[in-house]
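> Dumping the structure here so I can ask a few things about it.
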Amino acid sequence: MVQRASRAVVFTGAGMSTECGIPDFRSAGGFWTKYKPIQFQEFLASEETRLEAWRRFFVIRDTFASAQPGPGHRAVADLVARGHVSTVITQNIDDMHARAGVPRERIIEIHGNGTYARCLSCGERHDLDWAFERVEREVRAPSCVACGGIVKSATISFGQAMPEQEMADARAATFNADLFIATGSSLQVFPAAGFPVTAKHNRTPLVILNREP
């Protein structure tokens with residue numbers, strides 16, 4: 001099926017990166033088994049909650065800052081380079097697909113990217129080291145240097161709206177696919193998990209690779 005494909009979509013979840021030393025969030029010992037997720041509205045409403053969210057985020061960042069792309073990431077990059085895979089839709093925030101060599105224009109990050117931050121008001125991009133310095137030195141959540149707005153990691157939090165453009169691009173890629181491969185995802189988080197369902201309803205060959213039945 002891969003050899004016949006020229007518009008395949010690869011959909012990846014946290015299991016794609018566990019072999020790189022990046023733990024997934026939901027399995028035993030995962031991040032959400034240790035910490036109750038902070039809802040987006042809670043983040044907006046409380047300075048204290050924003051500070052706690054940033055402290056947690058830097059714990060997460062430390063787990064993937066030194067990690068390197070694994071064999072799975074390199075295999076996907078190779079299939080893109082060979083012309084079989086046209087699009088990579090990922091739930092992951094670790095930037096591993098780009099670091100493995102997949103062109104950024106071929107990657108759709110539906111849960112955002114954890115390698116930088118953005119102002120929620122004006123969209124100004126901020127460096128994470130800058131944010132870390134503010135948290136450590138001033139013991140408060142960082143504010144935008146351009147407009148004074150709330151700065152948040154460029155990731156999608158619980159309760160936060162999914163990015164409209166990325167979701168639209170992912171739907172278009174799914175409808176256009178001649179093969180859909182979902183790998184390393186429990187397929188339990190919606191609306192992201194709806195893309196394999198859409199592919200199946202569109203009579204696109206669907207392959208699911210994970211460690212669950």
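Going through the structure tokens in order, the chains are called A, B, and so on, while each chain numbers its residues from 1 and the ligands are numbered from 1 in the order shown.
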Which of stretch 51-155 of chain A counts as helix (DSSP H, G or I) under DSSP, as a ChimeraX atom specification please?
/A:51-65,71-81,96-100,104-106,128-138
> Determine, counting only C-alpha atoms, which protein, DNA and RNA residues have an atom within 8 Å of an atom of A:Ile38; residues of the same chain fewer than 4 positions away are not included. Present the result as a PyMOL selection string.
chain A and resi 42-43+49+53+157-158
> For the strand (DSSP E or B) assignment from backbone DSSP, which residues of stretch 23-145 of chain A qualify? Please present them as a PyMOL selection string.
chain A and resi 39+85-90+107-109+112-119+125-126+143
> I'd like the contact shell of A:Val88 - 8 Å cut-off, only C-alpha atoms, skipping same-chain residues fewer than 4 positions apart - returned as a VMD selection string.
chain A and resid 9 to 12 106 to 108
> Write out as JSON, numbers by chain which residues come within 7 Å of stretch 145-149 of chain A when counting only C-alpha atoms, dropping same-chain ones fewer than 6 positions away.
{"A": [119, 120, 121, 122]}
> Please produce an output containing N, CA, C and O atoms for each residue in the selection, written as a PDB file, in the first residue's frame.

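Once written, again.pdb looks like this:
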ATOM      1  N   CYS A 119       1.988  35.261  22.321  1.00  0.00           N
ATOM      2  CA  CYS A 119       1.056  36.114  23.049  1.00  0.00           C
ATOM      3  C   CYS A 119      -0.356  35.775  22.590  1.00  0.00           C
ATOM      4  O   CYS A 119      -0.625  35.700  21.383  1.00  0.00           O
ATOM      5  N   LEU A 120      -1.260  35.587  23.532  1.00  0.00           N
ATOM      6  CA  LEU A 120      -2.630  35.244  23.190  1.00  0.00           C
ATOM      7  C   LEU A 120      -3.402  36.445  22.653  1.00  0.00           C
ATOM      8  O   LEU A 120      -4.469  36.279  22.056  1.00  0.00           O
ATOM      9  N   SER A 121      -2.865  37.655  22.837  1.00  0.00           N
ATOM     10  CA  SER A 121      -3.548  38.858  22.366  1.00  0.00           C
ATOM     11  C   SER A 121      -3.102  39.282  20.975  1.00  0.00           C
ATOM     12  O   SER A 121      -3.921  39.431  20.067  1.00  0.00           O
ATOM     13  N   CYS A 122      -1.790  39.449  20.796  1.00  0.00           N
ATOM     14  CA  CYS A 122      -1.291  39.987  19.523  1.00  0.00           C
ATOM     15  C   CYS A 122      -0.580  38.961  18.655  1.00  0.00           C
ATOM     16  O   CYS A 122      -0.249  39.243  17.507  1.00  0.00           O
TER      17      CYS A 122
END
